[in-house]
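K.L.:
Take this structure, written in structure tokens, and hold onto it; I'll ask about it next.
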Amino acid sequence: MNELLWAFGRASGFIALALFTVALLLGIVTRSGRPLPGMPRFSVSLIHRNVSLLASVFLVLHVGTLLFDTYAKLSLLDIVVPFAGSFKPFWQGLGTVAFDLVVAIVVTGLLRRRIGQRAFRFVHWFTYAMWPIAVVHAIGNGTNGTSRWFLLLTAASAVLVAAAVIWRLSARFVEHSHTRRIAAGYTDRDDT
């Protein structure tokens with residue numbers, strides 16, 4: 001039974017990380033205000049939200065499974081307080097930090113209408129910290145963290161995320177269609 005829990009914990013962690021990578025990329029694309037080819041912006045936004053939710057479910061499965069695994073020996077304290085664990089405390093602590101950030105992001109997402117757009121956006125920016133912390137946690141603490149296939153997949157994901165972030169930070173990135181029209185030299189008077 002322990003081997004099954006360990007395998008499920010590993011697999012759910014890997015799936016969660018892959019889904020968070022997709023969610024991060026979709027979040028960057030969604031924020032640009034541009035649709036993906038053949039897909040309207042609202043569809044991209046819905047897919048982003050659903051992939052994020054699915055990633056969070058797999059993260060809860062990952063952590064929950066490892067709570068019951070006798071090899072991992074996670075406690076409730078390990079899940080909440082970073083670097084308090086007994087097994088590879090630094091690497092496990094990074095996972096705790098990433099988990100805590102995901103909880104904060106999910107909670108503010110659920111309370112978005114109550115806390116306001118500004119607070120939601122502020123906390124949502126922590127996604128850019130959560131993802132690399134989770135990646136480093138997977139490399140340092142994961143059973144397959146240093147295997148060749150995992151490192152290649154991680155490197156490819158990092159290149160994609162870095163390219164998306166560079167694009168978002170570039171001068172060519174314009175968030176809203178109105179701002180893009182102004183940047184292109186159109187004004188509201190041109191529309192009449």
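Quick note on naming: the chains in the structure tokens go A, B, ... in the order shown, residues restart at 1 in each chain, and ligands are numbered from 1 in order of appearance.
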Give me the region 50-103 of chain A side of the contact with region 20-34 of chain A, cut-off 7 Å, one line per residue showing its nearest atom pair and distance in Å at one decimal, counting only C-alpha atoms, sorted by chain and residue number, as a Markdown table.
P.N.:
```
| residue | atom | partner | partner_atom | distance |
| --- | --- | --- | --- | --- |
| A:Val51 | CA | A:Ala23 | CA | 5.7 |
| A:Ser52 | CA | A:Ala23 | CA | 5.4 |
| A:Ala55 | CA | A:Phe20 | CA | 5.7 |
```
K.L.:
What does the file look like for those residues with all heavy atoms, as a PDB file, in the first residue's frame?
P.N.:
```
ATOM      1  N   VAL A  51      -8.045  24.846 -15.970  1.00  0.00           N
ATOM      2  CA  VAL A  51      -6.744  24.173 -15.825  1.00  0.00           C
ATOM      3  C   VAL A  51      -6.151  24.505 -14.458  1.00  0.00           C
ATOM      4  O   VAL A  51      -5.579  23.636 -13.790  1.00  0.00           O
ATOM      5  CB  VAL A  51      -5.790  24.568 -16.979  1.00  0.00           C
ATOM      6  CG1 VAL A  51      -4.370  24.105 -16.698  1.00  0.00           C
ATOM      7  CG2 VAL A  51      -6.274  23.978 -18.293  1.00  0.00           C
ATOM      8  N   SER A  52      -6.305  25.755 -14.022  1.00  0.00           N
ATOM      9  CA  SER A  52      -5.807  26.147 -12.693  1.00  0.00           C
ATOM     10  C   SER A  52      -6.516  25.360 -11.602  1.00  0.00           C
ATOM     11  O   SER A  52      -5.884  24.903 -10.640  1.00  0.00           O
ATOM     12  CB  SER A  52      -6.016  27.646 -12.468  1.00  0.00           C
ATOM     13  OG  SER A  52      -5.315  28.394 -13.407  1.00  0.00           O
ATOM     14  N   ALA A  55      -5.254  21.809 -11.690  1.00  0.00           N
ATOM     15  CA  ALA A  55      -3.907  21.770 -11.111  1.00  0.00           C
ATOM     16  C   ALA A  55      -3.981  21.810  -9.588  1.00  0.00           C
ATOM     17  O   ALA A  55      -3.251  21.079  -8.900  1.00  0.00           O
ATOM     18  CB  ALA A  55      -3.074  22.933 -11.640  1.00  0.00           C
TER      19      ALA A  55
END
```
K.L.:
Where does DSSP see helix (DSSP H, G or I) in chain A, if you list the residues as a VMD selection string?
P.N.:
chain A and resid 2 to 31 41 to 68 76 to 80 89 to 110 112 to 115 117 to 124 127 to 141 148 to 169 177 to 183 188 to 191
K.L.:
Quick one: residues within 7 Å of region 118-124 of chain A, only C-alpha atoms, excluding same-chain residues fewer than 6 positions away - as a CSV table (one decimal) with N, CA and C atoms, in the first residue's frame?
P.N.:
```
chain,number,residue,atom,x,y,z
A,105,ILE,N,-3.6,32.2,-3.6
A,105,ILE,CA,-4.1,32.6,-4.9
A,105,ILE,C,-5.5,32.1,-5.1
A,108,THR,N,-8.0,34.1,-2.8
A,108,THR,CA,-8.3,35.4,-3.3
A,108,THR,C,-9.1,35.3,-4.6
A,109,GLY,N,-8.9,34.3,-5.4
A,109,GLY,CA,-9.7,34.1,-6.6
A,109,GLY,C,-11.1,33.9,-6.3
A,112,ARG,N,-12.7,37.2,-5.0
A,112,ARG,CA,-12.3,38.2,-6.0
A,112,ARG,C,-13.3,39.4,-5.9
```
